[in-house]
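Have a look at the structure below before the remarks.
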Amino acid sequence: MNGYDTTPPDAPNKEKPSKAALIKRFLTPKTNGGQSNRAVLPAAKKYPSSYTQFEQFEGYKQQKMLRDAAKLLGAENPFFGLHEGTAGATTVINGKECINFSSYDYLGLSSDPRVQQAAIEAIGTYGTSVSASRIVSGERPIHRELERALAETYQVDDALVFVSGHATNVSVIGHLFGAKDLIVHDALIHNSALVGAQLSGATRRSFPHNDTEALERLLIEQRDRFERVLIVVEGIYSMDGDAPDLPELVRIKNQFGALLMVDEAHSFGVLGATGLGLREHANVPAKAVDIWMGTLSKALAGCGGYIAGSTALIEQLRYSAPGFVYSVGMAPPVAAASLAALNILRTEPERVSSLHTNGRYFLEQARAYSFNTGLSMGYSVVPVVLGNSLKAVKLSISLLEQGINAQPIIYPAVEERAARLRFFISCSHQTKHIDQALAQLDSLK
């Protein structure tokens, strides 16, 4: 008797149904007295259009209301401008050359011939895509070369690159922490960290911007209620251009048995005499911070994010972080471009010096015009706070008409009273670019 024959040995011999008959029996719905056993669907019910039509979603209605109000007041949409080439210190928008203050290309490497050639050569060697997640079939040597270079630069054990900066924070925070944990973050932390905290299921608390005393009071009250505690801050806050007190944050995280994560999206390549980021700026050993996060899309002229830290951290993420395991590996030309940019950063610190000079000059001149520059330290991000979203939009449009590209940041991205124009400075800007932009802004305000 074979392993698939379920007829008892003493059962009477019966003709077994054919294979075709078995398939037919399997595919035919069972009946009860000639009636199908399939569930009878209720009569169609009328549901509110807000359940089924995107036009009724609150997010769309709010955006439409803002656009309609802007049209009534004579303001056009300042967003999604079409750049017709490389967007560096200058750019071409709608056929017109402009001075550009809306690019994160802080070190001017996106258009560097060496970076572009590295991308071209990677395409020739590996193609344009690895077409799968690296854990399955997407690994290429260029990935590990970039990760080793990042780890060496940070002076930590290892690093891991992700295809999206936003998804890096979402996936890593959401994966490492859970319902028994506490995530404490600066009130101005990036959306990606907030989404990651929400995904984790951990309790989330914020502390006032850069207020380490408030952070310490919060941990005195809350620490013992949780298992793991994560403190999340940014190296440079992209809306305000200021930095946290890293030595104090390290002291607090050690005192309360917490983990510290620093998002260096806007600080790596910018802070420190040679652009090594917040740790160089604050003279703090890299291993004093548990999780270093950064992006490749700004100073490193690519796209995606990375995590740098201990072997245990990186190995756990490499084999189980959803945003890495279930996502395609980084495109080879992108990895090659960022690796080339990182090598240039390490060999040409004068780019960082030029960036610092330009940032300080912009901040000093803006204050000389009595512009409200908020908390900016004058490195790569300088806001001009206007306190009115419509005014910010109108000024942005007027500046663009005069050949100056500076984007507005309006409610709800910031509070209405904090609506602003945001200027990103690069090492490629010239003094005349800065003088022209600020003089023009002063004439329009």
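By convention here, the chains of the structure tokens are called A, B, ... in the order presented, each chain's residues are numbered starting at 1, and ligands are numbered starting at 1 in the order presented.
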
Which neighbours of Ser111 in chain A fall inside 9 Å, counting only C-alpha atoms, when residues of the same chain fewer than 4 positions from it are skipped, and could you give them as a PyMOL selection string?
-> chain A and resi 86-88+115-116+301

For those residues, write C-alpha atoms to a file as an mmCIF file, in the first residue's frame.
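Saved the output as result.cif:
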data_model
loop_
_atom_site.group_PDB
_atom_site.id
_atom_site.type_symbol
_atom_site.label_atom_id
_atom_site.label_comp_id
_atom_site.auth_asym_id
_atom_site.auth_seq_id
_atom_site.Cartn_x
_atom_site.Cartn_y
_atom_site.Cartn_z
ATOM 1 C CA THR A 86 22.211 70.283 -12.910
ATOM 2 C CA ALA A 87 20.882 72.262 -9.956
ATOM 3 C CA GLY A 88 23.982 73.601 -8.248
ATOM 4 C CA VAL A 115 31.495 61.509 -9.459
ATOM 5 C CA GLN A 116 29.672 61.331 -12.763
ATOM 6 C CA ALA A 301 25.723 63.363 -4.302
#

Hey, what's within 12 Å of Tyr106 in chain A if we count only C-alpha atoms and toss same-chain stuff fewer than 6 positions away? As an MDAnalysis selection string, please?
-> chainID A and resid 87:89 100 265:271 275 296:301 341 345 351:356 358:359 379:381 423:429

Output of the above residues as a CSV table (one decimal), in the first residue's frame, restricted to N, CA and C atoms:
chain,number,residue,atom,x,y,z
A,87,ALA,N,21.3,71.2,-10.9
A,87,ALA,CA,20.9,72.3,-10.0
A,87,ALA,C,21.9,72.5,-8.9
A,88,GLY,N,22.9,73.3,-9.2
A,88,GLY,CA,24.0,73.6,-8.2
A,88,GLY,C,23.8,75.0,-7.7
A,89,ALA,N,24.9,75.8,-7.6
A,89,ALA,CA,24.8,77.2,-7.1
A,89,ALA,C,23.9,78.0,-8.1
A,100,ASN,N,20.7,79.6,-7.3
A,100,ASN,CA,19.9,78.6,-6.7
A,100,ASN,C,20.2,78.4,-5.2
A,265,ALA,N,21.6,63.6,8.3
A,265,ALA,CA,21.2,63.9,6.9
A,265,ALA,C,21.8,65.3,6.4
A,266,HIS,N,21.8,66.3,7.3
A,266,HIS,CA,22.2,67.6,6.9
A,266,HIS,C,23.6,68.0,7.6
A,267,SER,N,24.1,67.2,8.4
A,267,SER,CA,25.4,67.5,9.1
A,267,SER,C,26.6,66.8,8.6
A,268,PHE,N,26.4,65.6,8.0
A,268,PHE,CA,27.6,65.0,7.5
A,268,PHE,C,28.1,65.7,6.2
A,269,GLY,N,29.4,66.0,6.1
A,269,GLY,CA,29.9,66.7,5.0
A,269,GLY,C,29.8,68.2,5.2
A,270,VAL,N,29.2,68.6,6.3
A,270,VAL,CA,29.0,70.0,6.6
A,270,VAL,C,29.7,70.5,7.9
A,271,LEU,N,29.4,69.8,9.0
A,271,LEU,CA,29.9,70.2,10.3
A,271,LEU,C,31.3,69.6,10.5
A,275,GLY,N,34.4,68.1,7.7
A,275,GLY,CA,33.1,67.6,7.2
A,275,GLY,C,32.7,66.3,7.8
A,296,LEU,N,22.6,59.9,1.6
A,296,LEU,CA,23.6,60.0,0.5
A,296,LEU,C,23.2,61.1,-0.5
A,297,SER,N,22.1,61.7,-0.3
A,297,SER,CA,21.5,62.6,-1.3
A,297,SER,C,22.0,64.0,-1.2
A,298,LYS,N,22.7,64.3,-0.2
A,298,LYS,CA,23.1,65.7,0.1
A,298,LYS,C,24.6,65.9,-0.2
A,299,ALA,N,25.4,65.9,0.8
A,299,ALA,CA,26.8,66.1,0.6
A,299,ALA,C,27.5,65.0,-0.3
A,300,LEU,N,26.8,63.8,-0.3
A,300,LEU,CA,27.4,62.7,-1.0
A,300,LEU,C,26.8,62.4,-2.4
A,301,ALA,N,26.1,63.3,-2.9
A,301,ALA,CA,25.7,63.4,-4.3
A,301,ALA,C,25.1,62.1,-4.8
A,341,ALA,N,32.1,60.5,-4.2
A,341,ALA,CA,31.9,61.8,-3.4
A,341,ALA,C,32.5,61.7,-2.0
A,345,LEU,N,35.4,64.1,-0.5
A,345,LEU,CA,35.3,64.7,0.8
A,345,LEU,C,36.5,64.5,1.7
A,351,ARG,N,36.7,72.1,0.4
A,351,ARG,CA,35.3,72.3,0.0
A,351,ARG,C,34.5,72.6,1.2
A,352,VAL,N,34.8,71.9,2.3
A,352,VAL,CA,34.1,72.2,3.6
A,352,VAL,C,34.4,73.6,4.1
A,353,SER,N,35.7,74.0,4.0
A,353,SER,CA,36.1,75.3,4.4
A,353,SER,C,35.3,76.4,3.6
A,354,SER,N,35.2,76.2,2.3
A,354,SER,CA,34.5,77.2,1.5
A,354,SER,C,33.0,77.2,1.9
A,355,LEU,N,32.4,76.1,2.2
A,355,LEU,CA,31.0,76.0,2.6
A,355,LEU,C,30.8,76.8,3.9
A,356,HIS,N,31.7,76.6,4.9
A,356,HIS,CA,31.7,77.4,6.1
A,356,HIS,C,31.8,78.9,5.9
A,358,ASN,N,31.0,80.6,3.2
A,358,ASN,CA,29.8,81.1,2.5
A,358,ASN,C,28.6,81.1,3.5
A,359,GLY,N,28.5,80.1,4.4
A,359,GLY,CA,27.4,80.1,5.3
A,359,GLY,C,27.5,81.2,6.3
A,379,TYR,N,25.9,77.5,8.8
A,379,TYR,CA,26.7,76.5,8.1
A,379,TYR,C,26.1,76.3,6.7
A,380,SER,N,25.0,75.6,6.6
A,380,SER,CA,24.5,75.3,5.3
A,380,SER,C,23.0,75.6,5.2
A,381,VAL,N,22.3,75.9,6.3
A,381,VAL,CA,20.9,76.2,6.2
A,381,VAL,C,20.7,77.5,7.0
A,423,PHE,N,17.1,79.1,2.8
A,423,PHE,CA,18.2,79.2,2.0
A,423,PHE,C,19.2,78.1,2.3
A,424,PHE,N,19.5,77.3,1.3
A,424,PHE,CA,20.6,76.3,1.4
A,424,PHE,C,21.9,76.8,0.8
A,425,ILE,N,22.9,76.8,1.5
A,425,ILE,CA,24.2,77.3,1.0
A,425,ILE,C,25.1,76.2,0.6
A,426,SER,N,25.9,76.4,-0.4
A,426,SER,CA,26.9,75.4,-0.9
A,426,SER,C,28.3,76.0,-1.0
A,427,CYS,N,29.3,75.2,-1.1
A,427,CYS,CA,30.6,75.7,-1.3
A,427,CYS,C,30.8,76.3,-2.7
A,428,SER,N,29.8,76.1,-3.6
A,428,SER,CA,29.9,76.6,-5.0
A,428,SER,C,29.3,78.0,-5.1
A,429,HIS,N,28.6,78.5,-4.1
A,429,HIS,CA,28.1,79.8,-4.2
A,429,HIS,C,29.2,80.9,-4.1

Against range 234-245 of chain A, which residues of range 67-178 of chain A fall within 12 Å? For each one I want the closest pair of atoms and the distance in Å (one decimal), counting only C-alpha atoms, rows by chain and increasing residue number, as CSV.
residue,atom,partner,partner_atom,distance
A:Ser102,CA,A:Ser238,CA,11.9
A:Ser103,CA,A:Ser238,CA,12.0
A:Tyr104,CA,A:Ser238,CA,10.0
A:Asn169,CA,A:Glu234,CA,11.7

Could you pull out all residues of range 109-326 of chain A with a DSSP call of alpha helix (DSSP H) and give them as a PyMOL selection string?
-> chain A and resi 113-126+141-154+165-176+191-200+212-222+246-255+278-282+311-320+322-325

Deliver the residues from the most recent selection as a file, using C-alpha atoms, as a PDB file, in the first residue's frame.
ATOM      1  CA  PRO A 113      33.125  64.952 -13.384  1.00  0.00           C
ATOM      2  CA  ARG A 114      34.793  62.344 -11.147  1.00  0.00           C
ATOM      3  CA  VAL A 115      31.495  61.509  -9.459  1.00  0.00           C
ATOM      4  CA  GLN A 116      29.672  61.331 -12.763  1.00  0.00           C
ATOM      5  CA  GLN A 117      32.388  59.128 -14.298  1.00  0.00           C
ATOM      6  CA  ALA A 118      32.169  56.718 -11.354  1.00  0.00           C
ATOM      7  CA  ALA A 119      28.445  56.347 -11.977  1.00  0.00           C
ATOM      8  CA  ILE A 120      28.989  55.785 -15.696  1.00  0.00           C
ATOM      9  CA  GLU A 121      31.615  53.094 -15.089  1.00  0.00           C
ATOM     10  CA  ALA A 122      29.350  51.337 -12.575  1.00  0.00           C
ATOM     11  CA  ILE A 123      26.590  51.167 -15.185  1.00  0.00           C
ATOM     12  CA  GLY A 124      29.018  49.579 -17.608  1.00  0.00           C
ATOM     13  CA  THR A 125      30.070  46.989 -15.039  1.00  0.00           C
ATOM     14  CA  TYR A 126      26.857  46.257 -13.113  1.00  0.00           C
ATOM     15  CA  PRO A 141      30.942  44.619  -4.652  1.00  0.00           C
ATOM     16  CA  ILE A 142      30.227  48.349  -4.909  1.00  0.00           C
ATOM     17  CA  HIS A 143      27.707  48.088  -2.055  1.00  0.00           C
ATOM     18  CA  ARG A 144      30.242  46.706   0.403  1.00  0.00           C
ATOM     19  CA  GLU A 145      32.918  49.127  -0.791  1.00  0.00           C
ATOM     20  CA  LEU A 146      30.639  52.044   0.040  1.00  0.00           C
ATOM     21  CA  GLU A 147      29.640  50.564   3.393  1.00  0.00           C
ATOM     22  CA  ARG A 148      33.237  49.877   4.417  1.00  0.00           C
ATOM     23  CA  ALA A 149      34.202  53.429   3.453  1.00  0.00           C
ATOM     24  CA  LEU A 150      31.352  54.853   5.534  1.00  0.00           C
ATOM     25  CA  ALA A 151      32.316  52.710   8.534  1.00  0.00           C
ATOM     26  CA  GLU A 152      35.960  53.759   8.240  1.00  0.00           C
ATOM     27  CA  THR A 153      34.976  57.410   7.967  1.00  0.00           C
ATOM     28  CA  TYR A 154      32.823  57.141  11.100  1.00  0.00           C
ATOM     29  CA  GLY A 165      16.801  58.156   3.453  1.00  0.00           C
ATOM     30  CA  HIS A 166      13.246  58.501   4.757  1.00  0.00           C
ATOM     31  CA  ALA A 167      12.749  54.727   4.718  1.00  0.00           C
ATOM     32  CA  THR A 168      16.012  54.252   6.635  1.00  0.00           C
ATOM     33  CA  ASN A 169      14.621  55.955   9.716  1.00  0.00           C
ATOM     34  CA  VAL A 170      11.175  54.423   9.309  1.00  0.00           C
ATOM     35  CA  SER A 171      12.500  50.901   8.954  1.00  0.00           C
ATOM     36  CA  VAL A 172      15.293  51.000  11.529  1.00  0.00           C
ATOM     37  CA  ILE A 173      13.366  52.693  14.339  1.00  0.00           C
ATOM     38  CA  GLY A 174      10.205  50.750  13.550  1.00  0.00           C
ATOM     39  CA  HIS A 175      12.092  47.456  13.575  1.00  0.00           C
ATOM     40  CA  LEU A 176      14.401  47.801  16.584  1.00  0.00           C
ATOM     41  CA  ASN A 191       8.992  63.196   9.843  1.00  0.00           C
ATOM     42  CA  SER A 192      10.822  59.950   9.053  1.00  0.00           C
ATOM     43  CA  ALA A 193      11.756  59.446  12.706  1.00  0.00           C
ATOM     44  CA  LEU A 194       8.181  60.164  13.796  1.00  0.00           C
ATOM     45  CA  VAL A 195       6.786  57.611  11.352  1.00  0.00           C
ATOM     46  CA  GLY A 196       9.346  55.055  12.502  1.00  0.00           C
ATOM     47  CA  ALA A 197       8.404  55.634  16.142  1.00  0.00           C
ATOM     48  CA  GLN A 198       4.715  55.233  15.335  1.00  0.00           C
ATOM     49  CA  LEU A 199       5.402  52.025  13.408  1.00  0.00           C
ATOM     50  CA  SER A 200       7.369  50.554  16.305  1.00  0.00           C
ATOM     51  CA  THR A 212      18.626  68.884  27.255  1.00  0.00           C
ATOM     52  CA  GLU A 213      17.427  69.916  30.713  1.00  0.00           C
ATOM     53  CA  ALA A 214      13.858  69.133  29.677  1.00  0.00           C
ATOM     54  CA  LEU A 215      15.057  65.811  28.242  1.00  0.00           C
ATOM     55  CA  GLU A 216      16.695  64.930  31.533  1.00  0.00           C
ATOM     56  CA  ARG A 217      13.560  65.804  33.525  1.00  0.00           C
ATOM     57  CA  LEU A 218      11.466  63.663  31.180  1.00  0.00           C
ATOM     58  CA  LEU A 219      13.753  60.680  31.661  1.00  0.00           C
ATOM     59  CA  ILE A 220      13.766  61.100  35.441  1.00  0.00           C
ATOM     60  CA  GLU A 221       9.984  60.748  35.335  1.00  0.00           C
ATOM     61  CA  GLN A 222       9.629  58.111  32.629  1.00  0.00           C
ATOM     62  CA  LEU A 246      26.172  66.213  21.617  1.00  0.00           C
ATOM     63  CA  PRO A 247      28.412  65.880  24.717  1.00  0.00           C
ATOM     64  CA  GLU A 248      25.430  66.588  26.970  1.00  0.00           C
ATOM     65  CA  LEU A 249      23.261  64.116  25.057  1.00  0.00           C
ATOM     66  CA  VAL A 250      25.925  61.424  25.487  1.00  0.00           C
ATOM     67  CA  ARG A 251      26.111  62.141  29.216  1.00  0.00           C
ATOM     68  CA  ILE A 252      22.336  61.870  29.567  1.00  0.00           C
ATOM     69  CA  LYS A 253      22.034  58.661  27.555  1.00  0.00           C
ATOM     70  CA  ASN A 254      24.761  57.041  29.689  1.00  0.00           C
ATOM     71  CA  GLN A 255      23.167  58.218  32.936  1.00  0.00           C
ATOM     72  CA  LEU A 278      28.508  66.370  14.453  1.00  0.00           C
ATOM     73  CA  ARG A 279      31.064  64.174  16.211  1.00  0.00           C
ATOM     74  CA  GLU A 280      33.950  66.169  14.722  1.00  0.00           C
ATOM     75  CA  HIS A 281      32.173  69.450  15.432  1.00  0.00           C
ATOM     76  CA  ALA A 282      31.597  68.441  19.082  1.00  0.00           C
ATOM     77  CA  THR A 311      28.652  44.932  14.229  1.00  0.00           C
ATOM     78  CA  ALA A 312      25.673  43.653  16.231  1.00  0.00           C
ATOM     79  CA  LEU A 313      23.505  46.560  15.112  1.00  0.00           C
ATOM     80  CA  ILE A 314      24.402  46.260  11.434  1.00  0.00           C
ATOM     81  CA  GLU A 315      24.131  42.461  11.290  1.00  0.00           C
ATOM     82  CA  GLN A 316      20.677  42.578  12.863  1.00  0.00           C
ATOM     83  CA  LEU A 317      19.518  45.143  10.318  1.00  0.00           C
ATOM     84  CA  ARG A 318      21.170  43.327   7.414  1.00  0.00           C
ATOM     85  CA  TYR A 319      19.176  40.158   8.056  1.00  0.00           C
ATOM     86  CA  SER A 320      15.887  41.452   9.433  1.00  0.00           C
ATOM     87  CA  PRO A 322      12.117  45.202   6.492  1.00  0.00           C
ATOM     88  CA  GLY A 323      13.268  48.288   4.597  1.00  0.00           C
ATOM     89  CA  PHE A 324      16.473  46.466   3.674  1.00  0.00           C
ATOM     90  CA  VAL A 325      15.479  42.804   3.417  1.00  0.00           C
TER      91      VAL A 325
END

Any idea what's packed within 12 Å of Phe371 in chain A, counting only C-alpha atoms, ignoring anything in its chain fewer than 5 positions away? Could you give it as a list in words?
->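 Everything that qualifies: Phe362, Leu363, Glu364, Gln365, Ala366, Ser376, Val382, Pro383, Val384, Val385, Leu386, Gly387, Arg420, Leu421, Leu438, Ala439, Leu441, Asp442 and Lys445 of chain A.
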
List every residue of range 169-321 of chain A that DSSP, applied to the backbone, labels as strand (DSSP E), and write the result as an MDAnalysis selection string.
-> chainID A and resid 182:186 203:207 229:234 259:263 291:295 305:309

Can those selected residues be exported to a file as a CSV table (one decimal), in the first residue's frame so that it contains C-alpha atoms?
chain,number,residue,atom,x,y,z
A,182,LEU,CA,10.2,54.5,24.9
A,183,ILE,CA,11.3,56.8,22.1
A,184,VAL,CA,12.2,60.3,23.1
A,185,HIS,CA,12.9,62.8,20.3
A,186,ASP,CA,13.5,66.5,19.8
A,203,THR,CA,5.6,55.0,23.6
A,204,ARG,CA,6.7,58.3,22.1
A,205,ARG,CA,7.6,61.5,23.9
A,206,SER,CA,9.1,64.8,22.6
A,207,PHE,CA,11.2,67.4,24.4
A,229,VAL,CA,14.9,53.9,25.6
A,230,LEU,CA,16.0,55.6,22.4
A,231,ILE,CA,16.9,59.3,22.2
A,232,VAL,CA,16.7,60.7,18.6
A,233,VAL,CA,18.1,64.0,17.5
A,234,GLU,CA,19.5,65.6,14.3
A,259,LEU,CA,20.5,54.5,23.3
A,260,LEU,CA,21.3,57.6,21.2
A,261,MET,CA,20.6,58.0,17.5
A,262,VAL,CA,21.8,61.0,15.5
A,263,ASP,CA,20.3,61.7,12.1
A,291,ILE,CA,23.2,54.7,15.9
A,292,TRP,CA,24.6,57.1,13.3
A,293,MET,CA,22.1,57.7,10.4
A,294,GLY,CA,22.7,59.8,7.4
A,295,THR,CA,21.7,60.3,3.8
A,305,GLY,CA,20.3,56.4,3.5
A,306,TYR,CA,22.8,54.6,5.7
A,307,ILE,CA,23.2,53.4,9.3
A,308,ALA,CA,26.7,53.2,10.9
A,309,GLY,CA,27.5,51.6,14.2

Pick from A:Gln155, A:Asn210, A:Ser327, A:Ser310: nearest to Ser131 in chain A, with only C-alpha atoms counted?
->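 Going through A:Gln155, A:Asn210, A:Ser327, A:Ser310 one by one, the smallest distance to Ser131 in chain A is for A:Ser327.
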
Contact residues around Ile410 in chain A with only C-alpha atoms at 8 Å, ignoring same-chain residues under 2 positions, as a count of residues only | 13

Go through A:Ala321, A:Leu188, A:Cys303, A:Ala286 and flag the residue nearest Val334 in chain A, using only C-alpha atoms for the distances.
->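 The answer is A:Cys303, which sits nearest to Val334 in chain A.
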